[in-house]
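Data from run-v5.cif: mmCIF, C-alpha atoms
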data_protein
#
loop_
_atom_site.label_atom_id
_atom_site.label_comp_id
_atom_site.auth_asym_id
_atom_site.auth_seq_id
_atom_site.Cartn_x
_atom_site.Cartn_y
_atom_site.Cartn_z
CA MET S 1265 96.48 -100.94 232.74
CA SER S 1266 95.91 -102.11 236.31
CA GLU S 1267 94.38 -99.77 238.88
CA ALA S 1268 97.70 -99.67 240.79
CA LYS S 1269 99.57 -98.65 237.65
CA MET S 1270 96.97 -95.99 236.83
CA ILE S 1271 97.36 -94.50 240.33
CA SER S 1272 101.14 -94.63 240.00
CA GLU S 1273 100.97 -92.97 236.59
CA ARG S 1274 98.74 -90.14 237.87
CA ALA S 1275 101.07 -89.60 240.80
CA ARG S 1276 104.08 -89.50 238.48
CA LYS S 1277 102.42 -86.93 236.20
CA GLY S 1278 101.45 -84.81 239.16
CA ALA S 1279 104.90 -84.94 240.72
CA GLY S 1280 106.66 -81.61 240.73
CA ARG S 1281 103.51 -79.63 240.14
CA PRO S 1282 103.14 -77.11 242.96
CA SER S 1283 99.84 -76.74 244.73
CA ALA S 1284 97.95 -73.47 244.39
CA GLU S 1285 99.17 -72.50 247.85
CA GLU S 1286 102.78 -73.31 246.99
CA ALA S 1287 102.51 -71.42 243.68
CA GLU S 1288 101.16 -68.37 245.50
CA ARG S 1289 103.97 -68.58 248.06
CA LYS S 1290 106.58 -68.71 245.30
CA HIS S 1291 104.98 -65.78 243.52
CA SER S 1292 104.94 -63.74 246.74
CA ALA S 1293 108.62 -64.54 247.21
CA LEU S 1294 109.32 -63.39 243.65
CA ILE S 1295 107.50 -60.08 244.16
CA GLU S 1296 109.28 -59.57 247.49
CA ALA S 1297 112.68 -60.23 245.89
CA ALA S 1298 111.87 -57.90 243.00
CA LEU S 1299 110.72 -55.10 245.30
CA GLU S 1300 113.93 -55.42 247.29
CA GLU S 1301 116.03 -55.32 244.12
CA PHE S 1302 114.19 -52.36 242.58
CA ALA S 1303 114.24 -50.44 245.87
CA SER S 1304 117.97 -50.93 246.42
CA ARG S 1305 119.29 -50.73 242.84
CA GLY S 1306 116.70 -48.69 240.94
CA PHE S 1307 114.92 -49.71 237.75
CA ARG S 1308 117.92 -49.45 235.46
CA GLY S 1309 120.27 -51.23 237.85
CA ALA S 1310 117.89 -54.03 238.85
CA SER S 1311 118.88 -57.46 237.54
CA LEU S 1312 116.27 -60.05 236.64
CA ARG S 1313 118.88 -62.76 237.15
CA ALA S 1314 119.54 -61.50 240.68
CA ILE S 1315 115.81 -61.33 241.39
CA ALA S 1316 115.34 -64.91 240.24
CA ALA S 1317 118.24 -66.06 242.41
CA LYS S 1318 116.82 -64.28 245.48
CA ALA S 1319 113.40 -65.82 244.84
CA ASP S 1320 115.01 -69.26 244.36
CA ILE S 1321 113.57 -69.74 240.87
CA SER S 1322 115.13 -70.02 237.43
CA THR S 1323 115.27 -67.04 235.10
CA ARG S 1324 113.25 -69.12 232.65
CA THR S 1325 110.46 -69.44 235.22
CA LEU S 1326 110.59 -65.69 235.80
CA TYR S 1327 110.32 -64.94 232.06
CA ASN S 1328 107.49 -67.45 231.72
CA ARG S 1329 105.52 -65.30 234.15
CA TYR S 1330 106.75 -61.81 233.23
CA LEU S 1331 107.78 -60.92 229.71
CA ASP S 1332 110.30 -58.26 230.72
CA LYS S 1333 111.46 -55.96 233.50
CA PHE S 1334 108.62 -53.51 232.88
CA ALA S 1335 106.00 -56.21 233.39
CA LEU S 1336 107.64 -57.35 236.63
CA PHE S 1337 107.94 -53.75 237.87
CA ALA S 1338 104.24 -53.20 237.12
CA ALA S 1339 103.40 -56.29 239.18
CA CYS S 1340 105.53 -54.97 242.04
CA LEU S 1341 103.78 -51.60 242.03
CA GLU S 1342 100.42 -53.35 241.88
CA ALA S 1343 101.32 -55.47 244.90
CA SER S 1344 102.56 -52.43 246.83
CA SER S 1345 99.51 -50.37 245.89
CA MET S 1346 97.12 -53.15 246.89
CA GLU S 1347 98.87 -53.33 250.25
CA LEU S 1348 98.48 -49.57 250.56
CA ARG S 1349 94.78 -49.84 249.74
CA ARG S 1350 94.28 -52.70 252.22
CA PHE S 1351 96.01 -50.69 254.93
CA ALA S 1352 93.83 -47.64 254.25
CA VAL S 1353 90.64 -49.70 254.08
CA GLN S 1354 91.41 -51.21 257.49
CA THR S 1355 91.71 -47.70 258.91
CA VAL S 1356 89.04 -45.75 257.03
CA PRO S 1357 85.36 -46.59 257.66
CA THR S 1358 83.44 -48.48 255.00
CA ALA S 1359 80.37 -46.95 253.41
CA ALA S 1360 78.16 -48.74 255.93
CA GLN S 1361 80.32 -47.66 258.87
CA SER S 1362 80.77 -44.05 257.76
CA GLU S 1363 77.20 -42.96 258.47
CA GLY S 1364 77.37 -40.06 260.87
CA ILE S 1365 81.10 -39.45 260.23
CA SER S 1366 81.82 -36.06 258.69
CA LEU S 1367 83.52 -35.66 255.34
CA ALA S 1368 86.36 -33.79 257.06
CA ASP S 1369 87.00 -36.60 259.53
CA GLU S 1370 86.87 -39.29 256.86
CA LEU S 1371 89.28 -37.43 254.57
CA ALA S 1372 91.69 -36.74 257.44
CA THR S 1373 91.67 -40.37 258.53
CA HIS S 1374 92.38 -41.46 254.98
CA VAL S 1375 95.29 -39.03 254.57
CA ILE S 1376 96.92 -40.16 257.82
CA ALA S 1377 96.55 -43.85 256.93
CA VAL S 1378 98.05 -43.47 253.46
CA THR S 1379 100.86 -41.15 254.60
CA GLU S 1380 101.81 -43.63 257.30
CA GLN S 1381 102.09 -46.43 254.78
CA LEU S 1382 103.95 -44.28 252.25
CA SER S 1383 106.48 -43.40 254.94
CA ASP S 1384 107.68 -47.00 255.13
CA GLU S 1385 111.32 -47.14 254.04
CA ARG S 1386 110.70 -49.35 251.03
CA SER S 1387 107.77 -47.23 249.88
CA ARG S 1388 110.03 -44.18 250.03
CA GLN S 1389 112.72 -45.97 248.02
CA ILE S 1390 110.26 -47.02 245.30
CA ALA S 1391 108.79 -43.50 245.16
CA ALA S 1392 112.29 -42.04 244.85
CA LEU S 1393 112.93 -44.46 241.98
CA LEU S 1394 109.80 -43.21 240.20
CA PHE S 1395 110.81 -39.57 240.58
CA ARG S 1396 114.37 -40.33 239.51
CA GLU S 1397 113.80 -42.66 236.57
CA GLY S 1398 110.26 -41.91 235.46
CA ALA S 1399 111.45 -39.26 233.00
CA GLU S 1400 113.86 -41.74 231.42
CA PHE S 1401 111.48 -44.68 231.08
CA THR S 1402 108.08 -43.81 229.60
CA GLU S 1403 106.72 -47.22 230.57
CA VAL S 1404 107.70 -46.75 234.21
CA ARG S 1405 105.99 -43.35 234.28
CA GLU S 1406 102.80 -44.79 232.78
CA ILE S 1407 102.76 -47.68 235.25
CA ALA S 1408 103.10 -45.20 238.12
CA ARG S 1409 100.34 -42.96 236.72
CA LEU S 1410 97.86 -45.83 236.54
CA GLN S 1411 98.67 -46.90 240.09
CA PHE S 1412 98.33 -43.30 241.29
CA GLU S 1413 94.85 -43.00 239.78
CA ARG S 1414 93.66 -46.38 241.01
CA TYR S 1415 95.02 -46.40 244.53
CA GLN S 1416 95.35 -42.75 245.55
CA VAL S 1417 92.79 -40.78 243.56
CA ASP S 1418 89.95 -43.32 243.28
CA PRO S 1419 89.64 -43.90 247.07
CA VAL S 1420 89.18 -40.14 247.55
CA VAL S 1421 86.57 -40.15 244.78
CA GLU S 1422 84.72 -42.86 246.73
CA ILE S 1423 84.78 -40.78 249.91
CA LEU S 1424 83.56 -37.65 248.11
CA SER S 1425 80.78 -39.58 246.39
CA ARG S 1426 79.56 -41.00 249.70
CA HIS S 1427 79.13 -37.45 250.94
CA GLY S 1428 77.18 -36.31 247.89
CA LEU S 1429 79.70 -34.18 245.99
CA PRO S 1430 78.76 -33.63 242.32
CA GLY S 1431 79.95 -36.42 240.05
CA VAL S 1432 81.06 -34.08 237.27
CA THR S 1433 83.91 -32.61 239.31
CA ARG S 1434 84.76 -35.43 241.75
CA GLN S 1435 87.73 -36.85 239.82
CA ASP S 1436 89.42 -33.48 239.37
CA GLU S 1437 88.75 -32.49 242.97
CA ALA S 1438 90.13 -35.80 244.20
CA ARG S 1439 93.36 -35.27 242.23
CA GLN S 1440 93.77 -31.80 243.70
CA PHE S 1441 93.15 -33.11 247.19
CA VAL S 1442 95.74 -35.87 246.79
CA ALA S 1443 98.30 -33.35 245.51
CA MET S 1444 97.72 -31.22 248.61
CA ALA S 1445 97.47 -34.11 251.04
CA PHE S 1446 100.81 -35.70 250.20
CA GLY S 1447 102.70 -32.55 249.26
CA GLU S 1448 104.71 -32.46 252.49
CA TRP S 1449 105.54 -36.18 252.22
CA GLN S 1450 106.72 -35.56 248.66
CA ARG S 1451 108.73 -32.45 249.62
CA ARG S 1452 110.70 -34.39 252.22
CA LEU S 1453 111.27 -37.24 249.78
CA LEU S 1454 112.61 -34.95 247.05
CA PHE S 1455 114.59 -32.44 249.09
CA GLY S 1456 115.57 -34.48 252.11
CA GLY S 1457 114.17 -34.76 255.56
CA PRO S 1458 113.03 -37.44 257.97
CA PRO S 1459 109.72 -39.27 257.54
CA MET S 1460 106.80 -37.43 259.10
CA THR S 1461 105.90 -38.30 262.67
CA ARG S 1462 102.37 -39.32 263.55
CA ALA S 1463 101.74 -35.89 265.11
CA GLU S 1464 102.99 -34.18 261.94
CA MET S 1465 100.75 -36.39 259.81
CA GLU S 1466 97.73 -35.42 261.91
CA ARG S 1467 98.51 -31.70 261.69
CA GLN S 1468 99.10 -31.92 257.94
CA ALA S 1469 95.87 -33.83 257.39
CA ALA S 1470 93.83 -31.33 259.43
CA LEU S 1471 95.36 -28.39 257.55
CA VAL S 1472 94.85 -29.87 254.09
CA VAL S 1473 91.27 -30.93 254.78
CA ARG S 1474 90.39 -27.47 256.13
CA ILE S 1475 91.86 -25.69 253.11
CA PHE S 1476 90.24 -28.17 250.70
CA LEU S 1477 86.77 -27.82 252.22
CA THR S 1478 86.67 -24.15 253.27
CA GLY S 1479 89.58 -22.44 251.56
CA VAL S 1480 92.19 -20.24 253.17
CA THR S 1481 90.49 -18.01 255.73
CA PRO S 1482 91.87 -15.07 257.73
CA SER S 1483 92.87 -16.00 261.26
#
Show me, as structure tokens, the structure contained in the file I just sent.
Amino acid sequence: MSEAKMISERARKGAGRPSAEEAERKHSALIEAALEEFASRGFRGASLRAIAAKADISTRTLYNRYLDKFALFAACLEASSMELRRFAVQTVPTAAQSEGISLADELATHVIAVTEQLSDERSRQIAALLFREGAEFTEVREIARLQFERYQVDPVVEILSRHGLPGVTRQDEARQFVAMAFGEWQRRLLFGGPPMTRAEMERQAALVVRIFLTGVTPS
């Protein structure tokens, strides 16, 4: 085979194959379309065919990547949780930067950052879906539990460990702190009410951190 034919043959074989950048763009579009569908229609009502159409891919391509709706939903929660973690990391000091910053200040900053991100409309819709349909779908509940541990509890564990709290109790203490920290956000989500304002987030964070670190004290 001549060199020209070999080049032509390689080009023909490579035609239609997306670059890594293009593949990543298409995957991001798929996750975005799926998040929109899950947020607006819930887990049960979400249609994989509609998601594929919104992402401008075939349903076959979607199933080649995700076996079923549960797998795609898990990927959506992972993407949302990673975005939540990135947002918090940008706001909360790193281990190197946190020297000289008190545990109270670091915890409060973390709570405000996460609450702000959770108050986004889509985040509220996905959270409402989890509360509403988690009891019906065991897989959905388990996906949410893993994301909760990884992206809400573990960052608090990291903060507590940096400030020397005993390792034996850190995980349990972090879970209790998270339950307190986002209790008001959850109350409004479940029972109705507007998203918290920045001032309300700051007051809530200060209150929760004080109770967590010193307990309830007489005024």
Do you know which residues are at most 10 Å from Arg1396 in chain S counting all atoms listed in the file, after dropping those on the same chain fewer than 6 positions away, and could you put them as an MDAnalysis selection string? chainID S and resid 1306:1307 1390 1454
With C-alpha atoms retained, write the just-selected residues as a short mmCIF file (atom, residue, chain, number, x, y, z; two decimals), in the frame of the given file.
data_model
loop_
_atom_site.label_atom_id
_atom_site.label_comp_id
_atom_site.auth_asym_id
_atom_site.auth_seq_id
_atom_site.Cartn_x
_atom_site.Cartn_y
_atom_site.Cartn_z
CA GLY S 1306 116.70 -48.69 240.94
CA PHE S 1307 114.92 -49.71 237.75
CA ILE S 1390 110.26 -47.02 245.30
CA LEU S 1454 112.61 -34.95 247.05
#
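One finds CA of Arg1439 in chain S at 8.8 Å from CA of Asp1418 in chain S.
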To one decimal place, how far is CA of Ala1303 in chain S from CA of Glu1380 in chain S in Å? 18.2 Å
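Pairwise distance (CA of Ala1368 in chain S, CA of Glu1448 in chain S) equals 19.0 Å.
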Between S:Ala1297, S:Ala1408, S:Ala1463, S:Val1378, which one has atoms that come closest to Phe1446 in chain S, using only C-alpha atoms? S:Val1378
Padding of 8 Å on every side, edges along x, y and z, all listed atoms of range 1456-1471 of chain S included: what centre and edge lengths in Å, to one decimal, does that box have, as JSON?
{"center_x": 104.7, "center_y": -33.9, "center_z": 258.6, "size_x": 37.7, "size_y": 26.9, "size_z": 29.0}
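For the structure in this document, the set picked by the PyMOL selection byres ((chain S and resi 1420-1429) around 8) is S:Ala1359, S:Leu1367, S:Glu1370, S:Leu1371, S:Gln1416, S:Val1417, S:Asp1418, S:Pro1419, S:Pro1430, S:Gly1431, S:Arg1434, S:Gln1435, S:Ala1438, S:Val1442.
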Could I get range 1336-1351 of chain S rebuilt with N, CA and C atoms, written as an mmCIF file, in the coordinates of the input?
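Writing done, so here's selection-v6.cif:
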data_model
loop_
_atom_site.group_PDB
_atom_site.id
_atom_site.type_symbol
_atom_site.label_atom_id
_atom_site.label_comp_id
_atom_site.auth_asym_id
_atom_site.auth_seq_id
_atom_site.Cartn_x
_atom_site.Cartn_y
_atom_site.Cartn_z
ATOM 1 N N LEU S 1336 107.385 -56.981 235.234
ATOM 2 C CA LEU S 1336 107.640 -57.350 236.630
ATOM 3 C C LEU S 1336 107.521 -56.121 237.531
ATOM 4 N N PHE S 1337 108.034 -54.975 237.072
ATOM 5 C CA PHE S 1337 107.940 -53.750 237.870
ATOM 6 C C PHE S 1337 106.477 -53.357 238.060
ATOM 7 N N ALA S 1338 105.673 -53.506 237.017
ATOM 8 C CA ALA S 1338 104.240 -53.200 237.120
ATOM 9 C C ALA S 1338 103.589 -54.093 238.173
ATOM 10 N N ALA S 1339 103.957 -55.364 238.191
ATOM 11 C CA ALA S 1339 103.400 -56.290 239.180
ATOM 12 C C ALA S 1339 103.818 -55.899 240.595
ATOM 13 N N CYS S 1340 105.049 -55.412 240.730
ATOM 14 C CA CYS S 1340 105.530 -54.970 242.040
ATOM 15 C C CYS S 1340 104.757 -53.754 242.529
ATOM 16 N N LEU S 1341 104.543 -52.784 241.640
ATOM 17 C CA LEU S 1341 103.780 -51.600 242.030
ATOM 18 C C LEU S 1341 102.346 -51.963 242.351
ATOM 19 N N GLU S 1342 101.791 -52.901 241.597
ATOM 20 C CA GLU S 1342 100.420 -53.350 241.880
ATOM 21 C C GLU S 1342 100.341 -53.976 243.258
ATOM 22 N N ALA S 1343 101.307 -54.822 243.592
ATOM 23 C CA ALA S 1343 101.320 -55.470 244.900
ATOM 24 C C ALA S 1343 101.472 -54.439 246.014
ATOM 25 N N SER S 1344 102.362 -53.462 245.823
ATOM 26 C CA SER S 1344 102.560 -52.430 246.830
ATOM 27 C C SER S 1344 101.329 -51.560 246.982
ATOM 28 N N SER S 1345 100.698 -51.220 245.857
ATOM 29 C CA SER S 1345 99.510 -50.370 245.890
ATOM 30 C C SER S 1345 98.333 -51.087 246.533
ATOM 31 N N MET S 1346 98.197 -52.380 246.265
ATOM 32 C CA MET S 1346 97.120 -53.150 246.890
ATOM 33 C C MET S 1346 97.322 -53.211 248.393
ATOM 34 N N GLU S 1347 98.573 -53.330 248.826
ATOM 35 C CA GLU S 1347 98.870 -53.330 250.250
ATOM 36 C C GLU S 1347 98.529 -51.972 250.858
ATOM 37 N N LEU S 1348 98.824 -50.917 250.122
ATOM 38 C CA LEU S 1348 98.480 -49.570 250.560
ATOM 39 C C LEU S 1348 96.970 -49.426 250.692
ATOM 40 N N ARG S 1349 96.247 -49.936 249.710
ATOM 41 C CA ARG S 1349 94.780 -49.840 249.740
ATOM 42 C C ARG S 1349 94.216 -50.662 250.898
ATOM 43 N N ARG S 1350 94.767 -51.864 251.111
ATOM 44 C CA ARG S 1350 94.280 -52.700 252.220
ATOM 45 C C ARG S 1350 94.522 -52.010 253.550
ATOM 46 N N PHE S 1351 95.670 -51.381 253.689
ATOM 47 C CA PHE S 1351 96.010 -50.690 254.930
ATOM 48 C C PHE S 1351 95.030 -49.540 255.175
#
